[in-house]
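Novice: So that you have it, the file is coords.cif, and it contains mmCIF, C-alpha atoms:
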data_run
#
loop_
_atom_site.label_atom_id
_atom_site.label_comp_id
_atom_site.auth_asym_id
_atom_site.auth_seq_id
_atom_site.Cartn_x
_atom_site.Cartn_y
_atom_site.Cartn_z
CA MET M 1296 -10.48 2.21 24.08
CA THR M 1297 -8.11 4.29 22.05
CA PHE M 1298 -4.61 4.81 23.39
CA GLN M 1299 -5.08 4.34 27.10
CA ARG M 1300 -2.20 4.70 29.50
CA VAL M 1301 -3.07 1.85 31.82
CA PHE M 1302 -1.48 0.88 35.12
CA ARG M 1303 -2.29 -2.75 35.50
CA ARG M 1304 -0.93 -5.16 38.00
CA ALA M 1305 -3.15 -8.09 38.33
CA SER M 1306 -5.79 -10.43 37.36
CA ILE M 1307 -7.87 -12.19 39.89
CA PRO M 1308 -8.46 -15.94 39.48
CA LEU M 1309 -6.51 -18.26 41.83
CA LEU M 1310 -4.57 -15.38 43.36
CA ALA M 1311 -2.98 -14.69 39.98
CA LEU M 1312 -2.37 -11.02 40.60
CA TRP M 1313 -0.61 -9.12 37.86
CA PHE M 1314 2.64 -7.61 39.01
CA MET M 1315 4.34 -4.98 36.90
CA ALA M 1316 7.69 -6.39 37.77
CA ALA M 1317 10.23 -4.30 35.93
CA PRO M 1318 11.05 -0.65 36.37
CA ALA M 1319 10.30 -0.38 32.66
CA LEU M 1320 6.70 -1.26 33.42
CA ALA M 1321 6.34 1.20 36.27
CA GLN M 1322 4.82 3.74 33.91
CA GLY M 1323 2.22 1.27 32.68
CA LEU M 1324 1.07 0.07 29.28
CA LEU M 1325 -0.32 1.88 26.27
CA ARG M 1326 -3.49 -0.03 25.44
CA ASP M 1327 -5.05 0.60 22.06
CA SER M 1328 -7.01 -1.84 19.92
CA ASP M 1329 -5.47 -0.56 16.68
CA LEU M 1330 -1.91 -0.83 17.97
CA GLU M 1331 -2.36 -4.29 19.41
CA TYR M 1332 -4.03 -5.62 16.27
CA GLY M 1333 -1.29 -4.13 14.09
CA LEU M 1334 1.47 -5.61 16.24
CA LYS M 1335 -0.27 -8.96 16.07
CA GLN M 1336 -0.17 -8.81 12.26
CA VAL M 1337 3.52 -7.93 12.26
CA ALA M 1338 4.36 -10.66 14.77
CA ALA M 1339 2.15 -13.47 13.46
CA PRO M 1340 4.54 -15.01 10.88
CA ILE M 1341 7.44 -14.91 13.35
CA LEU M 1342 5.45 -16.44 16.20
CA SER M 1343 4.11 -19.17 13.93
CA ALA M 1344 7.64 -19.98 12.74
CA ALA M 1345 8.68 -20.23 16.40
CA GLY M 1346 5.93 -22.73 17.13
CA LEU M 1347 4.02 -20.19 19.22
CA SER M 1348 0.38 -19.22 18.85
CA PRO M 1349 -0.16 -15.67 17.50
CA SER M 1350 -3.54 -15.62 19.20
CA ARG M 1351 -2.04 -16.48 22.58
CA VAL M 1352 1.21 -14.50 22.70
CA LYS M 1353 0.31 -10.84 23.06
CA ILE M 1354 2.54 -7.99 21.91
CA LEU M 1355 2.08 -5.17 24.44
CA VAL M 1356 3.44 -1.63 24.40
CA VAL M 1357 5.12 -0.14 27.47
CA ASN M 1358 4.72 3.59 28.07
CA ASP M 1359 8.44 4.31 28.02
CA SER M 1360 10.49 6.28 25.49
CA SER M 1361 13.71 4.34 26.08
CA LEU M 1362 14.82 1.47 23.85
CA ASN M 1363 13.90 -1.88 25.34
CA ALA M 1364 12.01 -5.11 24.79
CA PHE M 1365 11.59 -8.06 27.11
CA VAL M 1366 9.56 -11.09 28.11
CA ILE M 1367 8.50 -12.03 31.61
CA SER M 1368 6.07 -14.78 30.70
CA ASN M 1369 5.43 -17.32 27.96
CA ASP M 1370 2.38 -15.38 26.85
CA ALA M 1371 3.50 -11.82 26.19
CA ILE M 1372 6.28 -9.79 24.60
CA PHE M 1373 6.70 -6.23 25.85
CA LEU M 1374 8.04 -3.46 23.61
CA HIS M 1375 8.84 0.07 24.76
CA TYR M 1376 7.21 2.60 22.47
CA GLY M 1377 10.60 4.28 22.14
CA LEU M 1378 12.01 1.14 20.53
CA ILE M 1379 9.10 0.88 18.09
CA ASN M 1380 9.53 4.51 17.10
CA ARG M 1381 13.21 3.84 16.44
CA MET M 1382 12.61 0.92 14.09
CA GLU M 1383 12.86 1.83 10.39
CA THR M 1384 11.39 -1.28 8.77
CA ALA M 1385 8.96 -4.05 9.58
CA ALA M 1386 11.87 -6.52 9.39
CA MET M 1387 13.69 -4.67 12.18
CA LEU M 1388 10.66 -4.88 14.47
CA GLN M 1389 10.20 -8.52 13.50
CA GLY M 1390 13.85 -9.09 14.39
CA VAL M 1391 13.20 -7.82 17.93
CA ILE M 1392 10.08 -9.98 18.20
CA ALA M 1393 11.94 -13.02 16.83
CA HIS M 1394 14.68 -12.66 19.45
CA GLU M 1395 12.18 -12.32 22.31
CA ALA M 1396 10.07 -15.17 20.93
CA ALA M 1397 13.21 -17.32 20.96
CA HIS M 1398 13.60 -16.75 24.71
CA ILE M 1399 10.10 -18.22 25.07
CA ALA M 1400 10.52 -21.05 22.58
CA ASN M 1401 13.92 -22.05 23.97
CA GLY M 1402 12.57 -22.37 27.49
CA HIS M 1403 14.59 -19.53 29.03
CA LEU M 1404 11.53 -18.08 30.77
CA THR M 1405 10.39 -21.45 32.09
CA ARG M 1406 13.73 -21.97 33.82
CA ARG M 1407 13.71 -18.42 35.17
CA MET M 1408 10.21 -18.78 36.56
CA GLY M 1409 11.25 -22.00 38.27
CA ASN M 1410 14.31 -20.37 39.75
CA LEU M 1411 12.30 -17.37 40.91
CA SER M 1412 9.62 -19.45 42.61
CA SER M 1413 12.29 -21.17 44.72
CA ALA M 1414 14.37 -18.06 45.39
CA ARG M 1415 12.58 -17.11 48.60
CA THR M 1416 15.82 -15.90 50.09
CA ALA M 1417 16.23 -13.27 47.37
CA SER M 1418 15.53 -9.82 48.69
CA GLY M 1419 11.90 -8.80 48.44
CA ILE M 1420 10.53 -12.00 46.83
CA GLY M 1421 7.34 -12.77 48.65
CA LEU M 1422 4.03 -13.85 47.09
CA ALA M 1423 4.30 -14.13 43.33
CA LEU M 1424 5.42 -12.55 40.11
CA ALA M 1425 2.17 -13.09 38.27
CA ALA M 1426 3.33 -11.84 34.90
CA VAL M 1427 1.60 -14.56 32.95
CA ALA M 1428 -1.78 -13.68 34.40
CA ALA M 1429 -1.75 -10.13 33.09
CA ALA M 1430 -0.86 -11.19 29.60
CA THR M 1431 -3.45 -13.91 29.13
CA GLY M 1432 -5.21 -14.79 32.35
CA ASN M 1433 -3.20 -17.96 32.85
CA GLY M 1434 -3.66 -18.14 36.61
CA ALA M 1435 -2.16 -21.59 37.07
CA ALA M 1436 1.14 -20.46 35.63
CA ALA M 1437 1.13 -17.26 37.64
CA SER M 1438 0.24 -18.51 41.11
CA GLY M 1439 3.12 -19.15 43.45
CA LEU M 1440 5.36 -16.34 42.22
CA ALA M 1441 5.74 -13.08 44.11
CA LEU M 1442 4.37 -9.59 44.63
CA GLY M 1443 6.64 -6.86 45.90
CA THR M 1444 9.92 -7.91 44.34
CA GLN M 1445 12.78 -5.48 44.81
CA SER M 1446 14.68 -4.10 41.85
CA ALA M 1447 17.92 -5.98 42.57
CA ALA M 1448 16.19 -9.35 42.42
CA MET M 1449 14.27 -8.29 39.31
CA GLY M 1450 17.48 -7.14 37.70
CA ARG M 1451 18.81 -10.66 38.04
CA PHE M 1452 15.59 -12.02 36.57
CA PHE M 1453 15.69 -9.80 33.48
CA ARG M 1454 19.38 -10.08 32.69
CA HIS M 1455 19.89 -12.80 30.12
CA THR M 1456 23.15 -14.71 30.05
CA ARG M 1457 25.41 -14.51 27.02
CA ALA M 1458 24.64 -18.15 26.27
CA GLU M 1459 20.92 -17.40 26.24
CA GLU M 1460 21.49 -14.38 24.00
CA ALA M 1461 23.50 -16.43 21.51
CA SER M 1462 20.81 -19.11 21.50
CA ALA M 1463 18.04 -16.54 21.03
CA ASP M 1464 19.93 -14.81 18.21
CA GLN M 1465 20.43 -18.02 16.27
CA SER M 1466 16.88 -19.24 16.83
CA GLY M 1467 15.42 -15.82 16.05
CA ILE M 1468 17.21 -15.63 12.73
CA ARG M 1469 16.01 -19.14 11.91
CA PHE M 1470 12.43 -18.08 12.69
CA MET M 1471 12.80 -15.06 10.42
CA LYS M 1472 14.16 -17.23 7.62
CA THR M 1473 11.29 -19.71 8.02
CA ALA M 1474 8.76 -16.85 8.00
CA GLY M 1475 10.27 -15.38 4.83
CA VAL M 1476 11.51 -12.27 6.63
CA SER M 1477 14.94 -10.82 5.90
CA PRO M 1478 17.23 -11.80 8.82
CA THR M 1479 19.22 -8.63 8.28
CA GLY M 1480 16.44 -6.95 10.24
CA MET M 1481 17.90 -8.37 13.45
CA MET M 1482 21.40 -7.29 12.45
CA ASP M 1483 20.13 -3.77 11.78
CA VAL M 1484 18.65 -3.63 15.30
CA LEU M 1485 21.92 -4.68 16.92
CA GLU M 1486 23.75 -2.03 14.94
CA ILE M 1487 21.76 0.58 16.85
CA PHE M 1488 23.40 -0.58 20.07
CA ARG M 1489 26.92 -1.10 18.69
CA GLY M 1490 29.41 0.79 20.80
CA GLN M 1491 27.11 1.20 23.81
CA GLU M 1492 28.82 -1.64 25.67
CA VAL M 1493 31.73 0.72 26.43
CA LEU M 1494 29.41 3.23 28.12
CA ALA M 1495 28.73 3.32 31.82
CA GLU M 1496 25.70 1.17 32.61
CA THR M 1497 23.63 4.19 33.64
CA ARG M 1498 24.08 5.64 30.13
CA GLN M 1499 23.20 2.49 28.24
CA ASP M 1500 19.76 1.79 26.85
CA PRO M 1501 17.86 -0.72 29.03
CA TYR M 1502 17.90 -3.21 26.19
CA LEU M 1503 21.66 -3.47 26.38
CA ARG M 1504 21.63 -3.97 30.14
CA SER M 1505 19.20 -6.90 29.89
CA HIS M 1506 20.60 -8.26 26.60
CA PRO M 1507 24.41 -8.27 26.84
CA LEU M 1508 26.04 -7.22 23.56
CA SER M 1509 29.62 -8.09 22.72
CA ARG M 1510 31.82 -8.09 19.65
CA ASP M 1511 31.68 -11.88 19.67
CA ARG M 1512 27.90 -11.80 19.67
CA LEU M 1513 27.82 -9.31 16.80
CA ARG M 1514 30.21 -11.44 14.77
CA ALA M 1515 28.12 -14.53 15.49
CA VAL M 1516 24.93 -12.79 14.31
CA GLU M 1517 26.68 -11.63 11.16
CA GLY M 1518 27.70 -15.24 10.58
CA TYR M 1519 24.16 -16.51 11.13
CA VAL M 1520 22.77 -13.95 8.69
CA ALA M 1521 25.38 -14.91 6.09
CA ALA M 1522 24.69 -18.62 6.57
CA TYR M 1523 20.91 -18.33 6.31
CA GLY M 1524 21.07 -15.84 3.47
CA ASP M 1525 19.11 -12.64 2.90
CA THR M 1526 16.31 -14.13 0.83
CA GLY M 1527 13.34 -12.64 2.62
CA ALA M 1528 10.83 -10.88 0.38
CA PRO M 1529 9.00 -7.78 1.64
CA ASP M 1530 5.74 -8.73 3.35
CA GLN M 1531 3.18 -6.14 2.31
CA THR M 1532 0.84 -6.95 5.20
CA ALA M 1533 3.63 -6.52 7.75
CA ALA M 1534 4.87 -3.37 6.00
CA TYR M 1535 1.43 -1.77 6.14
CA TRP M 1536 0.75 -2.59 9.78
CA PHE M 1537 4.25 -1.58 10.82
CA SER M 1538 3.71 1.80 9.18
CA ARG M 1539 0.36 2.16 10.90
CA VAL M 1540 1.63 1.13 14.35
CA ARG M 1541 4.67 3.38 14.24
CA GLY M 1542 2.69 6.19 12.63
CA LYS M 1543 0.00 6.19 15.29
CA LEU M 1544 2.47 5.77 18.14
CA SER M 1545 4.59 8.68 16.97
CA ALA M 1546 1.48 10.81 16.45
CA TYR M 1547 0.56 10.28 20.09
CA THR M 1548 4.05 10.46 21.57
CA ARG M 1549 5.65 13.23 19.49
CA ALA M 1550 4.57 16.87 19.25
CA PRO M 1551 1.56 17.37 16.92
CA LYS M 1552 3.46 19.87 14.81
CA TRP M 1553 6.24 17.30 14.33
CA THR M 1554 3.66 14.81 13.06
CA LEU M 1555 1.94 17.25 10.72
CA ARG M 1556 5.24 18.25 9.14
CA ARG M 1557 6.00 14.61 8.33
CA LEU M 1558 2.69 13.34 7.00
CA SER M 1559 4.09 13.03 3.48
CA GLU M 1560 6.68 10.53 4.69
CA THR M 1561 3.91 7.96 5.33
CA PRO M 1562 3.43 5.75 2.24
CA TYR M 1563 -0.21 4.84 2.93
CA GLN M 1564 -2.93 7.44 2.52
CA ASP M 1565 -5.21 6.06 5.23
CA VAL M 1566 -2.32 6.01 7.71
CA ARG M 1567 -1.46 9.61 6.80
CA LEU M 1568 -5.05 10.59 7.51
CA LEU M 1569 -5.07 8.67 10.80
CA ARG M 1570 -1.90 10.42 11.92
CA GLU M 1571 -3.36 13.77 10.88
CA ALA M 1572 -6.54 13.08 12.86
CA VAL M 1573 -4.56 12.26 16.00
CA ALA M 1574 -2.34 15.33 15.66
CA GLU M 1575 -5.28 17.66 15.06
CA HIS M 1576 -7.25 16.15 17.93
CA ARG M 1577 -4.31 16.68 20.28
CA GLN M 1578 -4.40 20.36 19.31
CA SER M 1579 -8.16 20.53 20.06
CA ARG M 1580 -8.95 21.13 16.40
CA THR M 1581 -11.95 18.84 16.35
CA LYS M 1582 -13.36 19.72 12.93
CA GLN M 1583 -10.02 19.06 11.26
CA ALA M 1584 -9.57 15.83 13.23
CA LEU M 1585 -13.01 14.52 12.26
CA ARG M 1586 -12.48 15.51 8.63
CA ALA M 1587 -9.26 13.50 8.54
CA ILE M 1588 -10.61 10.41 10.28
CA ASP M 1589 -13.75 10.45 8.13
CA ALA M 1590 -11.55 10.52 5.03
CA ALA M 1591 -9.62 7.53 6.37
CA ILE M 1592 -12.89 5.68 7.02
CA ALA M 1593 -14.00 6.42 3.47
CA LEU M 1594 -10.92 4.54 2.28
CA ARG M 1595 -11.43 1.62 4.72
CA PRO M 1596 -15.13 1.65 5.70
CA THR M 1597 -15.03 -1.75 7.44
CA ASP M 1598 -11.95 -1.00 9.55
CA PRO M 1599 -13.22 -1.14 13.17
CA PHE M 1600 -10.18 0.66 14.57
CA LEU M 1601 -10.78 3.78 12.51
CA HIS M 1602 -14.35 3.92 13.81
CA ASP M 1603 -12.91 3.42 17.31
CA GLN M 1604 -10.59 6.38 16.77
CA ARG M 1605 -13.51 8.50 15.56
CA ALA M 1606 -15.50 7.53 18.64
CA GLN M 1607 -12.63 8.49 20.92
CA ILE M 1608 -12.33 11.93 19.34
CA LEU M 1609 -16.08 12.48 19.75
CA PHE M 1610 -16.11 11.22 23.33
CA GLU M 1611 -13.20 13.38 24.41
CA THR M 1612 -14.97 16.42 22.93
CA ARG M 1613 -18.14 15.49 24.88
CA SER M 1614 -20.23 14.50 21.84
CA PHE M 1615 -21.46 11.45 23.72
CA PRO M 1616 -24.39 10.26 21.54
CA ALA M 1617 -22.25 10.51 18.41
CA ALA M 1618 -19.40 8.71 20.18
CA ALA M 1619 -21.73 5.89 21.21
CA ALA M 1620 -22.95 5.54 17.61
CA ALA M 1621 -19.37 5.38 16.34
CA TRP M 1622 -18.45 2.77 18.93
CA ARG M 1623 -21.59 0.80 18.10
CA ARG M 1624 -20.34 0.60 14.51
CA ALA M 1625 -16.87 -0.44 15.71
CA VAL M 1626 -18.42 -3.17 17.90
CA ASP M 1627 -20.43 -4.44 14.93
CA LEU M 1628 -17.17 -4.79 12.99
CA ALA M 1629 -15.09 -6.22 15.87
CA PRO M 1630 -17.53 -7.76 18.38
CA ASN M 1631 -14.83 -9.49 20.42
CA ASP M 1632 -12.39 -6.62 20.86
CA ALA M 1633 -12.37 -5.88 24.60
CA LEU M 1634 -10.93 -2.38 24.28
CA ILE M 1635 -13.56 -1.32 21.76
CA LEU M 1636 -16.30 -2.82 23.95
CA SER M 1637 -14.88 -0.92 26.91
CA GLY M 1638 -15.15 2.37 25.06
CA TYR M 1639 -18.71 1.63 24.00
CA GLY M 1640 -19.66 0.72 27.56
CA ARG M 1641 -18.25 3.99 28.84
CA ALA M 1642 -20.27 5.96 26.29
CA LEU M 1643 -23.43 4.13 27.34
CA LEU M 1644 -22.66 4.80 31.01
CA VAL M 1645 -22.27 8.52 30.41
CA GLN M 1646 -25.69 8.53 28.75
CA ASP M 1647 -27.27 6.74 31.75
CA ASP M 1648 -27.92 3.50 29.87
CA ILE M 1649 -26.85 1.57 32.95
CA ALA M 1650 -28.15 -1.82 31.86
CA GLY M 1651 -26.50 -1.53 28.44
CA ALA M 1652 -23.27 -0.26 29.94
CA LYS M 1653 -23.12 -3.07 32.51
CA ARG M 1654 -23.83 -5.71 29.89
CA THR M 1655 -21.20 -4.34 27.49
CA LEU M 1656 -18.53 -3.83 30.16
CA GLU M 1657 -19.05 -7.31 31.59
CA ARG M 1658 -18.59 -8.68 28.10
CA ALA M 1659 -15.34 -6.73 27.82
CA ARG M 1660 -14.23 -8.01 31.21
CA THR M 1661 -14.88 -11.61 30.17
CA ILE M 1662 -12.56 -11.16 27.17
CA ASP M 1663 -9.85 -9.11 28.88
CA PHE M 1664 -10.06 -8.51 32.63
CA ARG M 1665 -6.85 -6.46 32.83
CA ASP M 1666 -8.26 -3.07 31.84
CA GLY M 1667 -8.31 -0.76 34.86
CA SER M 1668 -10.45 1.93 33.24
CA MET M 1669 -13.03 -0.67 32.21
CA LEU M 1670 -13.16 -1.97 35.80
CA ARG M 1671 -13.67 1.57 37.08
CA ASP M 1672 -16.62 2.07 34.74
CA LEU M 1673 -18.04 -1.35 35.56
CA SER M 1674 -17.92 -0.64 39.29
CA VAL M 1675 -19.83 2.59 38.70
CA ALA M 1676 -22.43 0.74 36.63
CA TYR M 1677 -22.94 -1.83 39.40
CA ALA M 1678 -23.18 0.88 42.07
CA ARG M 1679 -25.74 2.83 40.05
CA SER M 1680 -27.84 -0.31 39.62
CA GLY M 1681 -27.83 -1.00 43.38
CA GLN M 1682 -25.48 -4.01 43.23
CA ASN M 1683 -23.08 -2.78 45.90
CA GLY M 1684 -21.43 -6.15 46.47
CA MET M 1685 -20.41 -6.40 42.81
CA ALA M 1686 -19.33 -2.75 42.83
CA SER M 1687 -17.01 -3.44 45.77
CA LEU M 1688 -15.66 -6.60 44.14
CA VAL M 1689 -14.81 -4.86 40.87
CA THR M 1690 -13.25 -1.99 42.81
CA ALA M 1691 -11.10 -4.51 44.70
CA GLU M 1692 -10.00 -6.00 41.40
CA ARG M 1693 -9.10 -2.57 40.08
CA TYR M 1694 -6.95 -1.81 43.13
CA ALA M 1695 -5.28 -5.21 42.79
CA LEU M 1696 -4.44 -4.35 39.19
CA ARG M 1697 -2.58 -1.30 40.46
CA GLY M 1698 -0.77 -3.24 43.17
CA ARG M 1699 -2.63 -1.45 45.98
CA MET M 1700 -3.27 -4.63 47.90
CA GLU M 1701 -4.27 -3.00 51.19
CA ASP M 1702 -7.07 -1.07 49.46
CA ALA M 1703 -7.96 -4.16 47.43
CA GLY M 1704 -8.34 -6.15 50.64
CA ILE M 1705 -10.63 -3.55 52.20
CA HIS M 1706 -13.03 -3.61 49.24
CA ALA M 1707 -12.80 -7.40 48.87
CA ARG M 1708 -13.81 -7.91 52.50
CA ARG M 1709 -16.70 -5.51 51.99
CA ALA M 1710 -17.75 -7.45 48.87
CA SER M 1711 -17.52 -10.77 50.74
CA GLY M 1712 -20.05 -9.53 53.28
CA LEU M 1713 -22.51 -8.46 50.57
CA LEU M 1714 -22.25 -11.33 48.09
CA ASP M 1715 -23.82 -14.79 48.39
CA ASN M 1716 -21.47 -17.20 50.14
CA GLY M 1717 -19.98 -19.73 47.75
CA SER M 1718 -20.96 -17.85 44.61
CA GLY M 1719 -18.42 -17.17 41.87
CA PRO M 1720 -18.13 -13.44 42.70
CA TRP M 1721 -17.77 -14.29 46.42
CA GLN M 1722 -14.90 -16.65 45.61
CA ARG M 1723 -13.20 -13.94 43.54
CA ALA M 1724 -13.44 -11.64 46.55
CA GLN M 1725 -11.99 -14.33 48.83
CA ASP M 1726 -9.03 -14.78 46.49
CA ILE M 1727 -8.22 -11.09 46.80
CA VAL M 1728 -8.63 -11.13 50.59
CA ILE M 1729 -6.14 -13.99 50.87
CA ALA M 1730 -3.69 -12.30 48.49
CA ALA M 1731 -3.95 -9.02 50.42
CA GLU M 1732 -3.32 -10.79 53.73
CA ARG M 1733 -0.24 -12.52 52.35
CA ALA M 1734 1.04 -9.27 50.91
CA ALA M 1735 0.59 -7.58 54.31
CA LYS M 1736 2.62 -10.32 56.06
CA ARG M 1737 5.54 -9.71 53.74
CA ARG M 1738 5.68 -5.94 54.12
#
If you convert what's in this file into C-alpha cells, what do you get?
Specialist:
Amino acid sequence: MTFQRVFRRASIPLLALWFMAAPALAQGLLRDSDLEYGLKQVAAPILSAAGLSPSRVKILVVNDSSLNAFVISNDAIFLHYGLINRMETAAMLQGVIAHEAAHIANGHLTRRMGNLSSARTASGIGLALAAVAAATGNGAAASGLALGTQSAAMGRFFRHTRAEEASADQSGIRFMKTAGVSPTGMMDVLEIFRGQEVLAETRQDPYLRSHPLSRDRLRAVEGYVAAYGDTGAPDQTAAYWFSRVRGKLSAYTRAPKWTLRRLSETPYQDVRLLREAVAEHRQSRTKQALRAIDAAIALRPTDPFLHDQRAQILFETRSFPAAAAAWRRAVDLAPNDALILSGYGRALLVQDDIAGAKRTLERARTIDFRDGSMLRDLSVAYARSGQNGMASLVTAERYALRGRMEDAGIHARRASGLLDNGSGPWQRAQDIVIAAERAAKRR
C-alpha cells in the first residue's frame, strides 16, 4: 500500500499489544513498501556490521516533520521523515542508523526494558509497552510491559545518558568503518544540532532532548572519526536508495510545485520520474502522473514498487480494474511484500471478488499483522462472506492497534461468542479480552 499514514498500536499474540509510546509516534507511521525496502538497503551494511540482522531490524518512518530518531525495541529503528528530508548524503543517514543500532547492540534497550517492567510505581505504567511486537511480532519480548504510559515516564525511558551516547557514538563509527561507510557522515549529522544545547528545551529538536549533545561529546566524535580515518568509499547501492527514499518522501511531504521545480536536482532518471508522478498525482493530474510512472517502469520493468505506485494512482482515481491489474503485476514481482498484498486485496474487495480479497488480505496479515487499513478491509471481507465471528475478531485487532482497548474488548467478546471454543481465532479474541480488562483496571 503506497504511502499510508497508519496509526498502529498493537499486535495480538500473547497480549503483545503495540503501544505507540512516544509523543513522536502519536501521529503514526508512514507505511510504504518502496520506502521501507529502500531504507532496508541503506541500513543493511550498517546493521550487518553491528551484528544485527537486516531482515529482522525494521527501519520505520514516523509521520513527523521534526528531526528525531529513536529505538524502543531491539527490532526496529524509527526515523522522523523530517530527519530523512534533512539528510544530504547516504552516509549521513547511515550515521543516524549506526548510532541507533549501537543502542541496540550495546544492550541499552535491554536494560531499559528491564527497568521499565519493574517500574510499576512510575506514573501511568500499567500493562505493557509492547514496542517490540509492533516492529516484528515478537510477543514474548513485548508481554509484561505497559499500555497507557504517561509522557513523564516515557521521557525518562527515551532520554539516553551521556555515557550511553558516548558508547553509541564510538560503536556507531566503528560499524560505519567496518561497513566501508565514511564515518564523517555521523559527524555531519551532529553538526546540524551544534549550538542547540544552549536553547530552551522547548525550542530544541526532539533528537537533542533524547540524545544529549555536549562540546565534550562533539570533540570525542571528532576524535573517533580521526582515529578510524575517512576511508569509506561511496556505496552506489546506498546512494541510489537514499536518493529514492528522500525523493519520494519529499514529493509526498512537500508542496507539489516545490517538487516539480527541483526534479533536475535528482541524479537518477527513474527517481526523477517517480517524484514527478507523485507530484502530478497530488495535483489530480492523472494523465501526467501515469505518463511519468510508466516512463519510470520502462526504465525498471521488474521493479515491484513502481508498479505498486502505478496501482495506487489508478486506485485513487477509481480505475479499479486497472489498479488490480497493476497490483497483480507488483505481487508477481514481490509475492511476500505485505503492503503490496494489502493494496491488491483492497482492489479485489472493491470489485466484489470477496474470496480473492480475503485470501490475499489474510496472506498479508500473516506476513505483517500491524497494518490497520489491511485489517479494516479484511474485516469487511469476512463480514461480506458471512463469517461474522472473524469479522468481529479482526475489528477487535484493529481497535487494539489504535489503542482503543474498550472498543477492542467489545468486539473481542462478540467474536468469542461466535467462534469455536479453543480454536486459534477464539484464543486471539480471548487475549484481547484479557488485555482490555487489564487496561480498564488501570484507568
Novice: Please identify all polymer residues within 8 Å of M:Val1573, counting only C-alpha atoms, omitting same-chain residues fewer than 5 positions from it, and present them as a PyMOL selection string.
Specialist: chain M and resi 1543+1546-1547+1584
Novice: Could you take the residues named above and write them with C-alpha atoms, as a PDB file, keeping the file's coordinate frame?
Specialist:
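Resulting contents of out_20.pdb:
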ATOM      1  CA  LYS M1543       0.000   6.190  15.290  1.00  0.00           C
ATOM      2  CA  ALA M1546       1.480  10.810  16.450  1.00  0.00           C
ATOM      3  CA  TYR M1547       0.560  10.280  20.090  1.00  0.00           C
ATOM      4  CA  ALA M1584      -9.570  15.830  13.230  1.00  0.00           C
TER       5      ALA M1584
END
Novice: So which one's closest to M:Ser1637, M:Ala1593, M:Val1337, M:Arg1326, M:Arg1577? Using only C-alpha atoms, please.
Specialist: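 Of all the options, M:Arg1326 lies closest to M:Ser1637.
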Novice: Name the residues captured by the PyMOL selection byres ((chain M and resi 1662) around 8) when it is applied to the shown file; answer as a list in words.
Specialist: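 Matching residues under the PyMOL selection byres ((chain M and resi 1662) around 8) are Asn1631, Asp1632, Ala1633, Arg1658, Ala1659, Arg1660, Thr1661, Asp1663 and Phe1664 of chain M.
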Novice: Can you write out the residues you just picked, keeping C-alpha atoms, as a PDB file, keeping the file's coordinate frame?
Specialist:
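What ended up in out.pdb:
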ATOM      1  CA  ASN M1631     -14.830  -9.490  20.420  1.00  0.00           C
ATOM      2  CA  ASP M1632     -12.390  -6.620  20.860  1.00  0.00           C
ATOM      3  CA  ALA M1633     -12.370  -5.880  24.600  1.00  0.00           C
ATOM      4  CA  ARG M1658     -18.590  -8.680  28.100  1.00  0.00           C
ATOM      5  CA  ALA M1659     -15.340  -6.730  27.820  1.00  0.00           C
ATOM      6  CA  ARG M1660     -14.230  -8.010  31.210  1.00  0.00           C
ATOM      7  CA  THR M1661     -14.880 -11.610  30.170  1.00  0.00           C
ATOM      8  CA  ASP M1663      -9.850  -9.110  28.880  1.00  0.00           C
ATOM      9  CA  PHE M1664     -10.060  -8.510  32.630  1.00  0.00           C
TER      10      PHE M1664
END
Novice: When the PyMOL selection byres ((chain M and resi 1530) around 12) is applied to the structure above, which residues does it catch, written out as a list in words?
Specialist: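 Going through the file, the PyMOL selection byres ((chain M and resi 1530) around 12) ends up selecting Gln1336, Val1337, Ala1338, Ala1339, Pro1340, Ile1341, Thr1384, Ala1385, Ala1386, Gln1389, Met1471, Ala1474, Gly1475, Val1476, Ser1477, Gly1527, Ala1528, Pro1529, Gln1531, Thr1532, Ala1533, Ala1534, Tyr1535, Trp1536 and Phe1537 of chain M.
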Novice: Could those residues be written to a file, using C-alpha atoms, as a compact mmCIF listing (two decimals), in the coordinates of the input?
Specialist:
# COMPACT_ATOMS: atom_id res chain seq x y z
CA GLN M 1336 -0.17 -8.81 12.26
CA VAL M 1337 3.52 -7.93 12.26
CA ALA M 1338 4.36 -10.66 14.77
CA ALA M 1339 2.15 -13.47 13.46
CA PRO M 1340 4.54 -15.01 10.88
CA ILE M 1341 7.44 -14.91 13.35
CA THR M 1384 11.39 -1.28 8.77
CA ALA M 1385 8.96 -4.05 9.58
CA ALA M 1386 11.87 -6.52 9.39
CA GLN M 1389 10.20 -8.52 13.50
CA MET M 1471 12.80 -15.06 10.42
CA ALA M 1474 8.76 -16.85 8.00
CA GLY M 1475 10.27 -15.38 4.83
CA VAL M 1476 11.51 -12.27 6.63
CA SER M 1477 14.94 -10.82 5.90
CA GLY M 1527 13.34 -12.64 2.62
CA ALA M 1528 10.83 -10.88 0.38
CA PRO M 1529 9.00 -7.78 1.64
CA GLN M 1531 3.18 -6.14 2.31
CA THR M 1532 0.84 -6.95 5.20
CA ALA M 1533 3.63 -6.52 7.75
CA ALA M 1534 4.87 -3.37 6.00
CA TYR M 1535 1.43 -1.77 6.14
CA TRP M 1536 0.75 -2.59 9.78
CA PHE M 1537 4.25 -1.58 10.82
Novice: Please report the interatomic distance between atom CA of M:Val1391 and atom CA of M:Val1366 in Å with one decimal.
Specialist: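 Separation between atom CA of M:Val1391 and atom CA of M:Val1366: 11.3 Å.
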Novice: With only C-alpha atoms as the counted atoms, please give the residues lying no more than 7 Å from stretch 1710-1715 of chain M, apart from itself and same-chain residues fewer than 3 positions off, as a list in words.
Specialist: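 What passes the distance filter is Gly1684, Met1685, Ser1687, Leu1688, His1706, Ala1707, Ser1718, Trp1721, Ala1724 and Gln1725 of chain M.
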Novice: Under the rule that all atoms listed in the file are counted, which of M:Glu1657, M:Glu1571, M:Glu1517, M:Asp1565 is the nearest residue to M:Ala1550?
Specialist: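 Among the listed residues, M:Glu1571 lies closest to M:Ala1550.
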Novice: To test the calculation: enclose all listed atoms of stretch 1461-1468 of chain M in a box whose edges run along x, y and z, add 3 Å on each side, then state centre and edge lengths in Å to one decimal, as AutoDock Vina command-line options.
Specialist:
--center_x 19.5 --center_y -17.0 --center_z 17.1 --size_x 14.1 --size_y 10.4 --size_z 14.8
Novice: Using all atoms listed in the file, can you tell me which of M:Arg1665, M:Arg1737, M:Arg1623, M:Arg1541 comes closest to M:Gly1638?
Specialist: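 Among the listed residues, the smallest separation from M:Gly1638 belongs to M:Arg1623.
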